[in-house]
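What's in protein-v1.cif: mmCIF, C-alpha atoms
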```cif
data_coords
#
loop_
_atom_site.label_atom_id
_atom_site.label_comp_id
_atom_site.auth_asym_id
_atom_site.auth_seq_id
_atom_site.Cartn_x
_atom_site.Cartn_y
_atom_site.Cartn_z
CA MET D 1 -17.83 -20.39 -28.75
CA ASP D 2 -20.61 -20.29 -26.14
CA ARG D 3 -19.41 -20.71 -22.56
CA ALA D 4 -21.75 -23.64 -22.11
CA GLN D 5 -19.94 -25.41 -24.95
CA LEU D 6 -16.40 -24.89 -23.68
CA PRO D 7 -14.59 -28.26 -23.43
CA LEU D 8 -13.10 -27.57 -19.98
CA ASN D 9 -11.73 -31.07 -19.30
CA ALA D 10 -10.03 -31.14 -22.68
CA LEU D 11 -8.55 -27.68 -22.14
CA ARG D 12 -7.19 -28.72 -18.72
CA ALA D 13 -5.65 -31.83 -20.26
CA PHE D 14 -4.03 -29.84 -23.06
CA GLU D 15 -2.66 -27.15 -20.71
CA ALA D 16 -1.11 -29.74 -18.39
CA ALA D 17 0.36 -31.68 -21.31
CA ALA D 18 1.76 -28.44 -22.76
CA ARG D 19 3.53 -27.62 -19.49
CA HIS D 20 5.03 -31.08 -19.13
CA LEU D 21 5.33 -31.86 -22.86
CA ASN D 22 4.41 -35.38 -21.80
CA PHE D 23 1.02 -37.11 -21.56
CA THR D 24 2.10 -39.39 -18.74
CA ARG D 25 3.26 -36.61 -16.42
CA ALA D 26 0.13 -34.60 -17.24
CA ALA D 27 -1.98 -37.63 -16.33
CA ILE D 28 -0.22 -37.98 -12.97
CA GLU D 29 -0.93 -34.30 -12.20
CA LEU D 30 -4.60 -34.63 -13.15
CA CYS D 31 -5.04 -38.04 -11.45
CA VAL D 32 -6.29 -39.72 -14.63
CA SER D 33 -4.82 -42.25 -17.03
CA GLN D 34 -2.38 -41.41 -19.77
CA GLY D 35 -4.93 -42.65 -22.29
CA ALA D 36 -7.56 -40.25 -20.92
CA VAL D 37 -5.25 -37.25 -21.41
CA SER D 38 -4.35 -38.35 -24.93
CA HIS D 39 -8.02 -38.87 -25.77
CA GLN D 40 -9.01 -35.42 -24.43
CA VAL D 41 -6.24 -33.70 -26.40
CA SER D 42 -7.15 -35.56 -29.60
CA ALA D 43 -10.81 -34.60 -29.12
CA LEU D 44 -9.82 -30.95 -28.64
CA GLU D 45 -7.69 -31.02 -31.81
CA LYS D 46 -10.59 -32.50 -33.74
CA ARG D 47 -12.97 -29.86 -32.39
CA LEU D 48 -10.61 -27.01 -33.27
CA GLY D 49 -9.61 -28.46 -36.59
CA ALA D 50 -5.92 -27.95 -35.77
CA ARG D 51 -3.00 -30.00 -34.49
CA LEU D 52 -1.75 -28.77 -31.14
CA PHE D 53 1.18 -31.17 -30.63
CA HIS D 54 3.77 -32.92 -32.69
CA ARG D 55 3.91 -36.46 -31.30
CA LEU D 56 7.60 -37.35 -30.99
CA PRO D 57 9.27 -40.65 -30.01
CA ARG D 58 10.29 -39.16 -26.65
CA GLY D 59 7.58 -36.67 -25.80
CA LEU D 60 5.67 -33.83 -27.34
CA ALA D 61 6.37 -30.53 -29.08
CA LEU D 62 3.88 -27.73 -29.45
CA THR D 63 2.78 -26.69 -32.91
CA ASP D 64 2.34 -23.02 -33.75
CA ASP D 65 -1.39 -23.38 -33.02
CA GLY D 66 -0.62 -25.02 -29.69
CA GLN D 67 1.81 -22.23 -28.75
CA ALA D 68 -0.91 -19.68 -29.49
CA LEU D 69 -3.39 -21.40 -27.16
CA VAL D 70 -1.11 -22.18 -24.19
CA PRO D 71 -0.56 -18.67 -22.72
CA VAL D 72 -4.26 -17.86 -22.80
CA LEU D 73 -5.15 -21.05 -20.92
CA ALA D 74 -2.26 -20.72 -18.46
CA GLU D 75 -3.22 -17.16 -17.53
CA THR D 76 -6.90 -18.07 -17.23
CA PHE D 77 -6.28 -21.08 -14.99
CA ASP D 78 -3.82 -19.08 -12.86
CA ARG D 79 -6.41 -16.34 -12.36
CA ILE D 80 -9.09 -18.87 -11.44
CA GLY D 81 -6.75 -20.53 -8.96
CA ALA D 82 -5.73 -17.21 -7.41
CA THR D 83 -9.37 -16.19 -7.04
CA LEU D 84 -10.34 -19.48 -5.41
CA ASP D 85 -7.40 -19.13 -3.01
CA ARG D 86 -8.96 -15.90 -1.76
CA PHE D 87 -11.94 -17.75 -0.32
CA GLY D 88 -11.46 -18.48 3.37
CA ASP D 89 -13.03 -18.00 6.77
CA GLY D 90 -16.46 -18.26 5.25
CA GLY D 91 -16.16 -15.72 2.45
CA PHE D 92 -14.20 -14.05 -0.32
CA GLN D 93 -11.11 -12.11 0.73
CA TYR D 94 -10.97 -8.73 -1.02
CA VAL D 95 -7.42 -7.45 -1.54
CA LEU D 96 -6.97 -3.73 -0.86
CA ASN D 97 -3.62 -2.04 -1.57
CA VAL D 98 -3.04 1.23 0.27
CA GLY D 99 0.05 3.41 0.18
CA VAL D 100 0.59 5.48 3.33
CA VAL D 101 3.02 8.26 4.07
CA GLY D 102 5.28 6.88 6.79
CA THR D 103 4.49 9.42 9.53
CA PHE D 104 0.75 8.80 9.29
CA ALA D 105 1.33 5.05 9.20
CA THR D 106 3.38 4.94 12.42
CA GLY D 107 1.72 7.86 14.18
CA TRP D 108 -1.93 7.06 13.53
CA LEU D 109 -2.84 4.08 11.34
CA LEU D 110 -0.78 1.26 12.86
CA ALA D 111 -2.46 1.42 16.26
CA ARG D 112 -5.90 1.15 14.61
CA LEU D 113 -5.32 -1.71 12.16
CA ASP D 114 -6.77 -4.25 14.60
CA ALA D 115 -9.99 -2.26 14.71
CA PHE D 116 -10.22 -2.22 10.92
CA GLY D 117 -9.54 -5.96 10.72
CA ALA D 118 -12.25 -6.68 13.28
CA ALA D 119 -14.75 -4.53 11.41
CA HIS D 120 -13.88 -5.93 7.97
CA PRO D 121 -12.48 -9.47 8.29
CA HIS D 122 -12.96 -10.19 4.58
CA ILE D 123 -10.65 -7.38 3.43
CA ASP D 124 -6.99 -8.33 3.02
CA LEU D 125 -5.42 -4.91 3.65
CA ARG D 126 -1.92 -4.51 2.25
CA VAL D 127 -0.06 -1.39 3.38
CA ALA D 128 2.94 0.06 1.54
CA ILE D 129 4.91 2.92 3.09
CA ASN D 130 5.90 5.86 0.90
CA ASN D 131 7.54 9.24 1.41
CA ASN D 132 4.60 11.22 -0.02
CA ARG D 133 5.81 10.75 -3.60
CA VAL D 134 3.70 7.91 -4.92
CA ASP D 135 2.61 6.54 -8.31
CA LEU D 136 -0.87 5.14 -7.74
CA ALA D 137 -1.09 3.43 -11.12
CA GLY D 138 2.50 2.25 -11.35
CA GLU D 139 2.47 0.78 -7.83
CA GLY D 140 -0.97 -0.82 -8.23
CA LEU D 141 -2.48 1.10 -5.32
CA ASP D 142 -6.20 1.48 -4.69
CA TYR D 143 -5.63 4.41 -2.32
CA ALA D 144 -2.74 6.52 -1.09
CA ILE D 145 -2.74 8.56 2.12
CA ARG D 146 -0.45 11.54 1.76
CA PHE D 147 0.31 14.98 3.11
CA GLY D 148 -0.06 18.23 1.20
CA ASP D 149 -2.57 20.61 -0.31
CA GLY D 150 -4.68 17.98 -2.07
CA ALA D 151 -3.74 19.16 -5.57
CA TRP D 152 -2.43 16.04 -7.31
CA HIS D 153 -3.11 15.80 -11.04
CA GLY D 154 -5.64 13.18 -12.09
CA THR D 155 -6.41 12.36 -8.48
CA HIS D 156 -9.48 12.55 -6.29
CA ALA D 157 -8.44 13.74 -2.81
CA GLU D 158 -10.62 13.57 0.30
CA PRO D 159 -9.39 15.54 3.34
CA LEU D 160 -8.72 13.48 6.47
CA MET D 161 -7.17 15.69 9.13
CA THR D 162 -5.12 18.82 9.61
CA ALA D 163 -1.64 18.39 11.01
CA PRO D 164 -0.05 21.76 11.84
CA LEU D 165 3.71 21.78 12.26
CA THR D 166 5.53 22.85 15.39
CA PRO D 167 9.10 22.50 16.71
CA LEU D 168 9.74 19.22 18.54
CA CYS D 169 12.97 18.29 20.26
CA ALA D 170 14.54 16.28 23.05
CA PRO D 171 14.12 17.60 26.63
CA LEU D 172 17.81 18.52 26.94
CA VAL D 173 17.56 20.65 23.81
CA ALA D 174 14.27 22.22 24.95
CA ALA D 175 15.95 23.32 28.19
CA ARG D 176 18.13 25.70 26.13
CA LEU D 177 15.19 27.35 24.39
CA ARG D 178 13.48 30.36 25.95
CA GLU D 179 12.21 32.18 22.85
CA PRO D 180 12.01 31.42 19.11
CA GLY D 181 15.20 33.36 18.43
CA ASP D 182 17.13 30.77 20.46
CA LEU D 183 16.52 28.30 17.65
CA ALA D 184 19.16 30.13 15.61
CA ARG D 185 21.78 28.39 17.77
CA GLU D 186 20.32 24.93 17.17
CA ARG D 187 20.45 22.54 14.26
CA LEU D 188 17.08 22.85 12.48
CA LEU D 189 16.22 19.53 10.92
CA ARG D 190 14.61 19.93 7.50
CA SER D 191 12.13 18.17 5.27
CA TYR D 192 12.21 18.36 1.48
CA ARG D 193 9.51 21.06 1.77
CA VAL D 194 12.14 23.75 2.20
CA SER D 195 9.88 26.69 3.10
CA GLU D 196 8.38 25.17 6.27
CA TRP D 197 10.82 26.67 8.75
CA GLU D 198 10.46 30.07 7.08
CA SER D 199 6.66 29.82 7.42
CA TRP D 200 6.94 28.87 11.08
CA PHE D 201 9.26 31.76 11.96
CA ALA D 202 6.92 34.15 10.14
CA ALA D 203 4.06 32.88 12.32
CA ALA D 204 6.27 33.25 15.41
CA GLY D 205 7.08 36.86 14.49
CA GLY D 206 10.75 36.51 13.66
CA ASP D 207 13.21 36.01 10.84
CA ALA D 208 14.14 32.48 9.92
CA PRO D 209 17.82 31.52 10.25
CA THR D 210 19.36 29.37 7.57
CA PRO D 211 18.48 25.77 8.47
CA ARG D 212 21.48 23.55 9.12
CA GLY D 213 21.61 19.81 9.28
CA PRO D 214 20.41 16.82 7.31
CA MET D 215 17.27 16.79 5.18
CA PHE D 216 14.66 14.05 5.70
CA ASP D 217 11.88 12.71 3.49
CA SER D 218 9.88 11.50 6.51
CA SER D 219 8.69 13.42 9.56
CA ALA D 220 8.87 10.18 11.55
CA LEU D 221 12.58 9.84 10.77
CA MET D 222 13.16 13.52 11.47
CA ALA D 223 11.41 13.18 14.86
CA ALA D 224 13.58 10.16 15.66
CA ALA D 225 16.65 12.29 14.98
CA ALA D 226 15.24 14.99 17.26
CA MET D 227 14.65 12.43 20.04
CA ALA D 228 18.29 11.45 19.69
CA GLY D 229 19.29 15.06 20.37
CA LEU D 230 20.48 15.72 16.81
CA GLY D 231 18.46 18.91 16.41
CA VAL D 232 14.97 20.41 16.37
CA ALA D 233 12.35 18.93 14.08
CA LEU D 234 9.44 20.83 12.57
CA ALA D 235 6.81 18.11 12.56
CA PRO D 236 3.07 17.43 12.99
CA LYS D 237 2.48 17.21 16.74
CA ALA D 238 -0.68 15.15 16.17
CA MET D 239 1.42 12.22 14.92
CA PHE D 240 3.66 12.10 18.03
CA GLY D 241 1.19 12.06 20.91
CA HIS D 242 2.87 9.14 22.69
CA GLU D 243 6.33 10.65 22.40
CA LEU D 244 5.04 13.94 23.81
CA THR D 245 3.15 12.24 26.63
CA THR D 246 6.24 10.28 27.66
CA GLU D 247 8.40 13.41 27.19
CA ARG D 248 10.77 11.78 24.76
CA LEU D 249 9.80 14.77 22.62
CA VAL D 250 9.00 18.26 23.90
CA GLN D 251 7.15 21.11 22.20
CA PRO D 252 9.15 24.16 23.32
CA PHE D 253 6.82 26.77 21.78
CA ASP D 254 3.06 26.88 21.26
CA VAL D 255 3.28 28.40 17.78
CA GLU D 256 2.03 26.09 15.03
CA VAL D 257 1.83 26.60 11.28
CA ASP D 258 -0.55 24.94 8.84
CA ALA D 259 1.50 23.52 5.96
CA GLY D 260 -1.11 21.08 4.66
CA ARG D 261 -3.18 18.13 5.77
CA TYR D 262 -3.49 14.40 5.29
CA TRP D 263 -5.62 13.26 2.35
CA LEU D 264 -7.05 9.97 1.14
CA THR D 265 -6.36 9.89 -2.60
CA ARG D 266 -7.24 7.66 -5.54
CA LEU D 267 -6.99 7.99 -9.29
CA LEU D 268 -9.99 9.69 -10.89
CA SER D 269 -10.07 6.77 -13.32
CA ARG D 270 -10.22 4.22 -10.48
CA LYS D 271 -13.76 3.09 -9.77
CA GLU D 272 -14.38 2.70 -6.04
CA GLY D 273 -15.14 -0.96 -5.34
CA LEU D 274 -16.75 -2.47 -2.26
CA ALA D 275 -13.47 -2.89 -0.36
CA MET D 276 -12.34 0.64 -1.22
CA LYS D 277 -15.65 2.09 -0.06
CA ALA D 278 -15.54 0.13 3.20
CA PHE D 279 -11.99 1.33 3.93
CA ARG D 280 -12.81 4.95 3.13
CA GLN D 281 -15.89 4.96 5.33
CA TRP D 282 -14.00 3.31 8.20
CA LEU D 283 -11.04 5.69 7.86
CA VAL D 284 -13.14 8.86 7.76
CA GLY D 285 -15.15 7.65 10.75
CA ALA D 286 -12.04 6.72 12.74
CA VAL D 287 -10.41 10.09 12.03
CA GLY D 288 -13.54 11.81 13.32
CA ASP D 289 -13.43 9.78 16.53
CA SER D 290 -11.60 11.83 19.15
CA ALA D 291 -10.88 8.79 21.35
CA PRO D 292 -7.19 7.87 21.61
CA PRO D 293 -6.11 4.68 19.83
CA PRO D 294 -5.81 1.42 21.76
CA PRO D 295 -2.27 0.43 22.78
CA LEU D 296 -0.42 -1.87 20.42
CA ARG D 297 -0.43 -5.50 21.48
CA GLY D 298 2.61 -7.60 22.10
CA GLY D 299 5.27 -4.94 22.17
CA PRO D 300 6.55 -1.65 23.58
CA PRO D 301 4.87 1.72 22.91
CA LEU D 302 4.89 2.91 19.32
CA GLN D 303 8.24 4.20 18.19
CA ALA D 304 8.71 6.93 15.59
#
```
Can you turn what I pasted into structure tokens?
Amino acid sequence: MDRAQLPLNALRAFEAAARHLNFTRAAIELCVSQGAVSHQVSALEKRLGARLFHRLPRGLALTDDGQALVPVLAETFDRIGATLDRFGDGGFQYVLNVGVVGTFATGWLLARLDAFGAAHPHIDLRVAINNNRVDLAGEGLDYAIRFGDGAWHGTHAEPLMTAPLTPLCAPLVAARLREPGDLARERLLRSYRVSEWESWFAAAGGDAPTPRGPMFDSSALMAAAAMAGLGVALAPKAMFGHELTTERLVQPFDVEVDAGRYWLTRLLSRKEGLAMKAFRQWLVGAVGDSAPPPPLRGGPPLQA
């Protein structure tokens, strides 16, 4: 059937009557008379050549043909309503779903979200935190920002920034450290990437002791444990600038090791829409800007 010939009023009347199984309640919802709803439904049945309702003494019951039509109309009207709801503030609101590894979210992105919102007021950015293991398709994500080597199957990965790892700890712990070998007496907090401490000690020119202590799936959580004096974290210094400036964390040694970088990733099968392109261009530009982020409004300095 041509779109121009679609009986929209009759379809609305039928869908409302099917939900209520009552012409009177459907009429109240549509702000028309009960007779108008009944007439529209009868006209639709005549046009389709099929009965859509069984008329009962106390209401209605859908026929098999009516049951086949209802879900299609309900989904269509729901989608139209949801789309219309996204118009506001003078334009269409594009929804953009982005997964972000927690350390990058708290250490870099959060302080810059106001700037993105000001630059792109018609993008409804929705951020989900992950621990670097993310299912782009299963979680309905347009993009995911994660840490690693960029080799994720079926994924396009664009490099954002390097983030070399270095020991970070509380000042009281740092006071006990004079050389890398002193770390053997400390609790070395670990991530699930088990070879990182070994790589760091190799860069520092020594043998790695066996790490002791809890394992974390987030550098931000590991750094919080280090700030609490629970051990020494091996974490990306670039994500903890405020904590280092305020000396809640200390870098006891200058040695750093490159264990990967942050990447902006999307599925190869995911076509980049307007909102995705705008976010990517803003993100790459903001990463290239060496200026420090603005302070967060309405609260204390950013916590790990």
Can you translate the PyMOL selection byres ((chain D and resi 201) around 12) into the concrete residues it hits in this file, as a ChimeraX atom specification? /D:165-167,179-184,188,195-200,202-211,234,253,255-257
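Considering only C-alpha atoms, the residue among D:Asn22, D:Ser33, D:Ser218, D:Thr265 positioned nearest to Pro159 of chain D is D:Thr265.
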Determine the nearest neighbour of Gly260 of chain D from the options D:Trp282, D:Phe147, D:Tyr192, D:Phe104, counting only C-alpha atoms. D:Phe147
So that I can check the surroundings of Val100 of chain D, please list as a tab-separated table (two decimals) with C-alpha atoms, in the frame of the given file every protein, DNA and RNA residue that reaches within 7 Å of it, counting only C-alpha atoms and ignoring chain neighbours fewer than 3 positions away.
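Generated file (around.tsv):
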```tsv
chain	number	residue	atom	x	y	z
D	104	PHE	CA	0.75	8.80	9.29
D	105	ALA	CA	1.33	5.05	9.20
D	127	VAL	CA	-0.06	-1.39	3.38
D	128	ALA	CA	2.94	0.06	1.54
D	129	ILE	CA	4.91	2.92	3.09
D	130	ASN	CA	5.90	5.86	0.90
D	144	ALA	CA	-2.74	6.52	-1.09
D	145	ILE	CA	-2.74	8.56	2.12
D	146	ARG	CA	-0.45	11.54	1.76
```
Which polymer residues have any atom within 12 Å of an atom of segment 8-11 of chain D, counting all atoms listed in the file, with same-chain residues fewer than 2 positions away left out, as a PyMOL selection string? chain D and resi 3-6+13-18+30+32+36-48+52+66+69-70+72-74+76-77
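What separates atom CA of Leu249 of chain D from atom CA of Ala175 of chain D is a distance of 11.9 Å.
Note on the selection: in this file the PyMOL selection byres ((chain D and resi 116) around 10) comes out as D:Leu109, D:Arg112, D:Leu113, D:Asp114, D:Ala115, D:Gly117, D:Ala118, D:Ala119, D:His120, D:Pro121, D:Ile123, D:Leu125, D:Ala278, D:Phe279, D:Trp282, D:Leu283, D:Ala286.
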Within 12 Å of segment 132-142 of chain D, which residues of segment 154-268 of chain D come that close, and what is the closest atom pair and distance in Å for each? Count all atoms listed in the file and give it as CSV.
```
residue,atom,partner,partner_atom,distance
D:Gly154,CA,D:Leu136,CA,10.3
D:Thr155,CA,D:Leu136,CA,9.1
D:His156,CA,D:Leu136,CA,11.5
D:Ser191,CA,D:Asn132,CA,11.5
D:Tyr192,CA,D:Asn132,CA,10.5
D:Arg193,CA,D:Asn132,CA,11.1
D:Phe216,CA,D:Asn132,CA,11.9
D:Asp217,CA,D:Asn132,CA,8.2
D:Ser218,CA,D:Asn132,CA,8.4
D:Ser219,CA,D:Asn132,CA,10.6
D:Arg261,CA,D:Asn132,CA,11.9
D:Tyr262,CA,D:Asn132,CA,10.2
D:Trp263,CA,D:Asn132,CA,10.7
D:Leu264,CA,D:Asp142,CA,10.3
D:Thr265,CA,D:Asp142,CA,8.7
D:Arg266,CA,D:Asp142,CA,6.3
D:Leu267,CA,D:Leu136,CA,6.9
D:Leu268,CA,D:Leu136,CA,10.7
```
Taken to one decimal, the atom CA of Leu189 of chain D-atom CA of Leu244 of chain D distance is 18.0 Å
Can you tell me how far atom CA of Gly107 of chain D sits from atom CA of Phe240 of chain D, in Å to one decimal? 6.0 Å
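Under the PyMOL selection byres ((chain D and resi 170) around 9), the matching residues in the shown file are Leu168, Cys169, Pro171, Leu172, Val173, Ala174, Ala175, Ala226, Met227, Ala228, Gly229, Leu230, Gly231, Val232, Glu247, Arg248, Leu249, Val250 and Gln251 of chain D.
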Any chance you could export segment 23-54 of chain D with N, CA and C atoms, as a PDB file, in the first residue's frame?
```
ATOM      1  N   PHE D  23     -14.058   0.256  22.841  1.00  0.00           N
ATOM      2  CA  PHE D  23     -14.156   1.451  22.003  1.00  0.00           C
ATOM      3  C   PHE D  23     -14.298   2.723  22.828  1.00  0.00           C
ATOM      4  N   THR D  24     -14.993   2.630  23.931  1.00  0.00           N
ATOM      5  CA  THR D  24     -15.237   3.844  24.734  1.00  0.00           C
ATOM      6  C   THR D  24     -13.936   4.365  25.340  1.00  0.00           C
ATOM      7  N   ARG D  25     -13.145   3.456  25.939  1.00  0.00           N
ATOM      8  CA  ARG D  25     -11.882   3.913  26.527  1.00  0.00           C
ATOM      9  C   ARG D  25     -10.908   4.394  25.449  1.00  0.00           C
ATOM     10  N   ALA D  26     -10.912   3.754  24.288  1.00  0.00           N
ATOM     11  CA  ALA D  26     -10.086   4.235  23.184  1.00  0.00           C
ATOM     12  C   ALA D  26     -10.506   5.627  22.759  1.00  0.00           C
ATOM     13  N   ALA D  27     -11.807   5.890  22.731  1.00  0.00           N
ATOM     14  CA  ALA D  27     -12.316   7.205  22.342  1.00  0.00           C
ATOM     15  C   ALA D  27     -11.880   8.275  23.335  1.00  0.00           C
ATOM     16  N   ILE D  28     -11.911   7.950  24.631  1.00  0.00           N
ATOM     17  CA  ILE D  28     -11.470   8.911  25.648  1.00  0.00           C
ATOM     18  C   ILE D  28      -9.993   9.249  25.429  1.00  0.00           C
ATOM     19  N   GLU D  29      -9.159   8.237  25.156  1.00  0.00           N
ATOM     20  CA  GLU D  29      -7.738   8.484  24.923  1.00  0.00           C
ATOM     21  C   GLU D  29      -7.520   9.379  23.706  1.00  0.00           C
ATOM     22  N   LEU D  30      -8.279   9.160  22.652  1.00  0.00           N
ATOM     23  CA  LEU D  30      -8.085   9.889  21.400  1.00  0.00           C
ATOM     24  C   LEU D  30      -8.890  11.185  21.333  1.00  0.00           C
ATOM     25  N   CYS D  31      -9.678  11.456  22.376  1.00  0.00           N
ATOM     26  CA  CYS D  31     -10.490  12.684  22.441  1.00  0.00           C
ATOM     27  C   CYS D  31     -11.471  12.767  21.268  1.00  0.00           C
ATOM     28  N   VAL D  32     -12.111  11.650  20.965  1.00  0.00           N
ATOM     29  CA  VAL D  32     -13.166  11.609  19.950  1.00  0.00           C
ATOM     30  C   VAL D  32     -14.329  10.832  20.545  1.00  0.00           C
ATOM     31  N   SER D  33     -15.405  10.707  19.787  1.00  0.00           N
ATOM     32  CA  SER D  33     -16.562   9.962  20.277  1.00  0.00           C
ATOM     33  C   SER D  33     -16.372   8.465  20.083  1.00  0.00           C
ATOM     34  N   GLN D  34     -17.149   7.705  20.866  1.00  0.00           N
ATOM     35  CA  GLN D  34     -17.091   6.258  20.738  1.00  0.00           C
ATOM     36  C   GLN D  34     -17.526   5.824  19.343  1.00  0.00           C
ATOM     37  N   GLY D  35     -18.506   6.540  18.793  1.00  0.00           N
ATOM     38  CA  GLY D  35     -18.987   6.217  17.455  1.00  0.00           C
ATOM     39  C   GLY D  35     -17.915   6.442  16.395  1.00  0.00           C
ATOM     40  N   ALA D  36     -17.076   7.485  16.608  1.00  0.00           N
ATOM     41  CA  ALA D  36     -16.012   7.771  15.634  1.00  0.00           C
ATOM     42  C   ALA D  36     -14.982   6.649  15.624  1.00  0.00           C
ATOM     43  N   VAL D  37     -14.628   6.122  16.802  1.00  0.00           N
ATOM     44  CA  VAL D  37     -13.669   5.018  16.860  1.00  0.00           C
ATOM     45  C   VAL D  37     -14.253   3.780  16.198  1.00  0.00           C
ATOM     46  N   SER D  38     -15.496   3.463  16.511  1.00  0.00           N
ATOM     47  CA  SER D  38     -16.141   2.297  15.913  1.00  0.00           C
ATOM     48  C   SER D  38     -16.211   2.420  14.405  1.00  0.00           C
ATOM     49  N   HIS D  39     -16.524   3.634  13.922  1.00  0.00           N
ATOM     50  CA  HIS D  39     -16.615   3.855  12.483  1.00  0.00           C
ATOM     51  C   HIS D  39     -15.242   3.680  11.814  1.00  0.00           C
ATOM     52  N   GLN D  40     -14.184   4.224  12.431  1.00  0.00           N
ATOM     53  CA  GLN D  40     -12.850   4.101  11.859  1.00  0.00           C
ATOM     54  C   GLN D  40     -12.405   2.643  11.795  1.00  0.00           C
ATOM     55  N   VAL D  41     -12.691   1.879  12.858  1.00  0.00           N
ATOM     56  CA  VAL D  41     -12.297   0.476  12.875  1.00  0.00           C
ATOM     57  C   VAL D  41     -13.067  -0.305  11.813  1.00  0.00           C
ATOM     58  N   SER D  42     -14.360  -0.039  11.703  1.00  0.00           N
ATOM     59  CA  SER D  42     -15.170  -0.733  10.688  1.00  0.00           C
ATOM     60  C   SER D  42     -14.664  -0.409   9.289  1.00  0.00           C
ATOM     61  N   ALA D  43     -14.295   0.859   9.054  1.00  0.00           N
ATOM     62  CA  ALA D  43     -13.778   1.249   7.744  1.00  0.00           C
ATOM     63  C   ALA D  43     -12.455   0.541   7.451  1.00  0.00           C
ATOM     64  N   LEU D  44     -11.612   0.384   8.477  1.00  0.00           N
ATOM     65  CA  LEU D  44     -10.340  -0.304   8.295  1.00  0.00           C
ATOM     66  C   LEU D  44     -10.578  -1.778   7.970  1.00  0.00           C
ATOM     67  N   GLU D  45     -11.513  -2.406   8.675  1.00  0.00           N
ATOM     68  CA  GLU D  45     -11.835  -3.808   8.405  1.00  0.00           C
ATOM     69  C   GLU D  45     -12.331  -3.987   6.974  1.00  0.00           C
ATOM     70  N   LYS D  46     -13.169  -3.054   6.538  1.00  0.00           N
ATOM     71  CA  LYS D  46     -13.690  -3.128   5.173  1.00  0.00           C
ATOM     72  C   LYS D  46     -12.564  -2.969   4.165  1.00  0.00           C
ATOM     73  N   ARG D  47     -11.645  -2.060   4.446  1.00  0.00           N
ATOM     74  CA  ARG D  47     -10.536  -1.816   3.521  1.00  0.00           C
ATOM     75  C   ARG D  47      -9.604  -3.013   3.432  1.00  0.00           C
ATOM     76  N   LEU D  48      -9.375  -3.676   4.573  1.00  0.00           N
ATOM     77  CA  LEU D  48      -8.484  -4.831   4.602  1.00  0.00           C
ATOM     78  C   LEU D  48      -9.168  -6.123   4.190  1.00  0.00           C
ATOM     79  N   GLY D  49     -10.467  -6.111   4.216  1.00  0.00           N
ATOM     80  CA  GLY D  49     -11.204  -7.326   3.895  1.00  0.00           C
ATOM     81  C   GLY D  49     -11.062  -8.386   4.960  1.00  0.00           C
ATOM     82  N   ALA D  50     -10.946  -7.959   6.225  1.00  0.00           N
ATOM     83  CA  ALA D  50     -10.746  -8.897   7.330  1.00  0.00           C
ATOM     84  C   ALA D  50     -11.351  -8.319   8.603  1.00  0.00           C
ATOM     85  N   ARG D  51     -11.891  -9.187   9.432  1.00  0.00           N
ATOM     86  CA  ARG D  51     -12.384  -8.751  10.751  1.00  0.00           C
ATOM     87  C   ARG D  51     -11.199  -8.680  11.712  1.00  0.00           C
ATOM     88  N   LEU D  52     -11.134  -7.576  12.446  1.00  0.00           N
ATOM     89  CA  LEU D  52     -10.049  -7.374  13.396  1.00  0.00           C
ATOM     90  C   LEU D  52     -10.487  -7.614  14.841  1.00  0.00           C
ATOM     91  N   PHE D  53     -11.765  -7.479  15.113  1.00  0.00           N
ATOM     92  CA  PHE D  53     -12.304  -7.683  16.462  1.00  0.00           C
ATOM     93  C   PHE D  53     -13.508  -8.616  16.411  1.00  0.00           C
ATOM     94  N   HIS D  54     -13.665  -9.354  17.476  1.00  0.00           N
ATOM     95  CA  HIS D  54     -14.945  -9.982  17.789  1.00  0.00           C
ATOM     96  C   HIS D  54     -15.682  -9.012  18.703  1.00  0.00           C
TER      97      HIS D  54
END
```
